[in-house]
file model26.cif (mmCIF, C-alpha atoms; chains and numbers go by the auth columns)
data_work
#
loop_
_atom_site.group_PDB
_atom_site.id
_atom_site.type_symbol
_atom_site.label_atom_id
_atom_site.label_comp_id
_atom_site.label_asym_id
_atom_site.label_seq_id
_atom_site.Cartn_x
_atom_site.Cartn_y
_atom_site.Cartn_z
_atom_site.B_iso_or_equiv
_atom_site.auth_seq_id
_atom_site.auth_asym_id
ATOM 1 C CA MET A 1 -146.662 -80.749 72.474 0.00 1335 A
ATOM 2 C CA SER A 2 -148.851 -81.808 75.372 0.00 1336 A
ATOM 3 C CA VAL A 3 -147.866 -85.009 77.158 0.00 1337 A
ATOM 4 C CA ILE A 4 -150.396 -87.050 79.123 0.00 1338 A
ATOM 5 C CA PHE A 5 -149.448 -89.996 81.302 0.00 1339 A
ATOM 6 C CA MET A 6 -152.767 -91.825 81.538 0.00 1340 A
ATOM 7 C CA ASP A 7 -153.467 -94.246 84.362 0.00 1341 A
ATOM 8 C CA VAL A 8 -155.804 -97.086 83.462 0.00 1342 A
ATOM 9 C CA ASN A 9 -157.614 -97.483 86.781 0.00 1343 A
ATOM 10 C CA MET A 10 -159.620 -94.348 87.422 0.00 1344 A
ATOM 11 C CA PRO A 11 -163.106 -93.754 88.786 0.00 1345 A
ATOM 12 C CA GLU A 12 -165.936 -92.980 86.356 0.00 1346 A
ATOM 13 C CA MET A 13 -163.963 -93.803 83.177 0.00 1347 A
ATOM 14 C CA ASP A 14 -160.896 -95.973 82.634 0.00 1348 A
ATOM 15 C CA GLY A 15 -157.777 -94.664 80.922 0.00 1349 A
ATOM 16 C CA TYR A 16 -158.567 -96.422 77.654 0.00 1350 A
ATOM 17 C CA GLN A 17 -161.986 -94.764 77.410 0.00 1351 A
ATOM 18 C CA CYS A 18 -160.551 -91.420 78.472 0.00 1352 A
ATOM 19 C CA THR A 19 -157.881 -91.658 75.766 0.00 1353 A
ATOM 20 C CA GLN A 20 -160.568 -92.359 73.152 0.00 1354 A
ATOM 21 C CA GLU A 21 -162.531 -89.317 74.322 0.00 1355 A
ATOM 22 C CA ILE A 22 -159.445 -87.099 74.139 0.00 1356 A
ATOM 23 C CA ARG A 23 -158.756 -88.313 70.595 0.00 1357 A
ATOM 24 C CA LYS A 24 -162.362 -87.608 69.558 0.00 1358 A
ATOM 25 C CA TYR A 25 -162.138 -84.094 71.040 0.00 1359 A
ATOM 26 C CA GLU A 26 -158.825 -83.390 69.301 0.00 1360 A
ATOM 27 C CA GLN A 27 -160.242 -84.563 65.984 0.00 1361 A
ATOM 28 C CA MET A 28 -163.510 -82.656 66.386 0.00 1362 A
ATOM 29 C CA TYR A 29 -161.703 -79.379 67.051 0.00 1363 A
ATOM 30 C CA LYS A 30 -158.809 -80.099 64.660 0.00 1364 A
ATOM 31 C CA LEU A 31 -156.250 -79.911 67.470 0.00 1365 A
ATOM 32 C CA THR A 32 -152.714 -81.246 67.383 0.00 1366 A
ATOM 33 C CA GLN A 33 -152.682 -84.683 68.967 0.00 1367 A
ATOM 34 C CA SER A 34 -151.339 -84.901 72.487 0.00 1368 A
ATOM 35 C CA LEU A 35 -148.777 -87.542 73.305 0.00 1369 A
ATOM 36 C CA ILE A 36 -150.692 -90.052 75.443 0.00 1370 A
ATOM 37 C CA VAL A 37 -148.799 -92.756 77.316 0.00 1371 A
ATOM 38 C CA ILE A 38 -150.862 -95.397 79.097 0.00 1372 A
ATOM 39 C CA VAL A 39 -149.409 -96.234 82.510 0.00 1373 A
ATOM 40 C CA THR A 40 -150.615 -99.449 84.087 0.00 1374 A
ATOM 41 C CA ALA A 41 -149.749 -102.422 86.240 0.00 1375 A
ATOM 42 C CA PHE A 42 -151.425 -104.618 83.605 0.00 1376 A
ATOM 43 C CA THR A 43 -148.450 -105.807 81.568 0.00 1377 A
ATOM 44 C CA GLY A 44 -149.852 -108.465 79.248 0.00 1378 A
ATOM 45 C CA SER A 45 -149.675 -108.270 75.465 0.00 1379 A
ATOM 46 C CA ASP A 46 -153.477 -107.848 75.395 0.00 1380 A
ATOM 47 C CA ASP A 47 -153.130 -104.737 77.553 0.00 1381 A
ATOM 48 C CA LYS A 48 -150.500 -103.252 75.251 0.00 1382 A
ATOM 49 C CA LEU A 49 -152.792 -103.959 72.302 0.00 1383 A
ATOM 50 C CA LYS A 50 -155.673 -102.198 74.107 0.00 1384 A
ATOM 51 C CA SER A 51 -153.399 -99.171 74.515 0.00 1385 A
ATOM 52 C CA GLN A 52 -152.715 -99.095 70.781 0.00 1386 A
ATOM 53 C CA LYS A 53 -156.361 -99.610 69.837 0.00 1387 A
ATOM 54 C CA CYS A 54 -157.621 -96.778 72.046 0.00 1388 A
ATOM 55 C CA GLY A 55 -155.261 -94.298 70.390 0.00 1389 A
ATOM 56 C CA ALA A 56 -152.439 -94.085 72.915 0.00 1390 A
ATOM 57 C CA ASN A 57 -148.945 -93.447 71.600 0.00 1391 A
ATOM 58 C CA ASP A 58 -147.178 -95.785 73.999 0.00 1392 A
ATOM 59 C CA HIS A 59 -147.622 -98.032 77.022 0.00 1393 A
ATOM 60 C CA LEU A 60 -145.521 -98.087 80.189 0.00 1394 A
ATOM 61 C CA ASP A 61 -145.634 -100.696 82.917 0.00 1395 A
ATOM 62 C CA LYS A 62 -145.781 -99.844 86.599 0.00 1396 A
ATOM 63 C CA PRO A 63 -143.775 -99.316 88.623 0.00 1397 A
ATOM 64 C CA LEU A 64 -142.351 -96.531 86.490 0.00 1398 A
ATOM 65 C CA ASN A 65 -138.684 -95.735 86.503 0.00 1399 A
ATOM 66 C CA MET A 66 -136.723 -92.798 85.136 0.00 1400 A
ATOM 67 C CA GLU A 67 -135.161 -94.802 82.319 0.00 1401 A
ATOM 68 C CA ASP A 68 -138.578 -95.776 80.937 0.00 1402 A
ATOM 69 C CA LEU A 69 -139.776 -92.172 81.155 0.00 1403 A
ATOM 70 C CA LYS A 70 -136.643 -90.895 79.415 0.00 1404 A
ATOM 71 C CA ARG A 71 -136.954 -93.550 76.694 0.00 1405 A
ATOM 72 C CA VAL A 72 -140.511 -92.469 75.873 0.00 1406 A
ATOM 73 C CA MET A 73 -139.628 -88.786 75.964 0.00 1407 A
ATOM 74 C CA LYS A 74 -136.673 -89.363 73.619 0.00 1408 A
ATOM 75 C CA LYS A 75 -138.731 -91.586 71.330 0.00 1409 A
ATOM 76 C CA PHE A 76 -141.155 -88.721 70.717 0.00 1410 A
ATOM 77 C CA GLY A 77 -138.568 -85.941 70.645 0.00 1411 A
ATOM 78 C CA ILE A 78 -139.550 -84.308 73.917 0.00 1412 A
ATOM 79 C CA ILE A 79 -135.979 -84.446 75.229 0.00 1413 A
#
call {"tool": "encode", "arguments": {"input": "model26.cif", "output": "structure tokens"}}
result
Amino acid sequence: MSVIFMDVNMPEMDGYQCTQEIRKYEQMYKLTQSLIVIVTAFTGSDDKLKSQKCGANDHLDKPLNMEDLKRVMKKFGII
């Protein structure tokens, strides 16, 4: 399984849009979905909802720590 930690603030396209494009590509080519985790300093409930709506599997707040990373990896059976 591919794992993508997607930052929200990027030039050209934000992480939400990029996640939507990845999901469209995966669907178009009938690929197994990657695990996409939005990583952002925006921590409001609206931001977490945006992560869900764009097709991300989870949402992590910055600054990241090892416990949060391990929790997500365990949640999805990576470790």
call {"tool": "atom_distance", "arguments": {"input": "model26.cif", "atom1": "atom CA of Leu1403 of chain A", "atom2": "atom CA of Gln1351 of chain A"}}
result
22.7 Å
call {"tool": "closest_residue", "arguments": {"input": "model26.cif", "among": "A:Met1335, A:Lys1384, A:Thr1377, A:Lys1396", "to": "Ile1413 of chain A", "atoms": "all atoms listed in the file"}}
result
A:Met1335
call {"tool": "resolve_selection", "arguments": {"input": "model26.cif", "expression": "the PyMOL selection byres ((chain A and resi 1385) around 12)", "output": "JSON, numbers by chain"}}
result
{"A": [1340, 1341, 1342, 1348, 1349, 1350, 1351, 1352, 1353, 1354, 1370, 1371, 1372, 1373, 1374, 1376, 1377, 1378, 1379, 1380, 1381, 1382, 1383, 1384, 1386, 1387, 1388, 1389, 1390, 1391, 1392, 1393, 1394, 1395]}
call {"tool": "atom_distance", "arguments": {"input": "model26.cif", "atom1": "atom CA of Leu1369 of chain A", "atom2": "atom CA of Arg1357 of chain A"}}
result
10.4 Å
call {"tool": "atom_distance", "arguments": {"input": "model26.cif", "atom1": "atom CA of Val1406 of chain A", "atom2": "atom CA of Pro1345 of chain A"}}
result
26.1 Å
call {"tool": "closest_residue", "arguments": {"input": "model26.cif", "among": "A:Met1344, A:Glu1355, A:Val1337, A:Met1407", "to": "Ser1368 of chain A", "atoms": "all atoms listed in the file"}}
result
A:Val1337
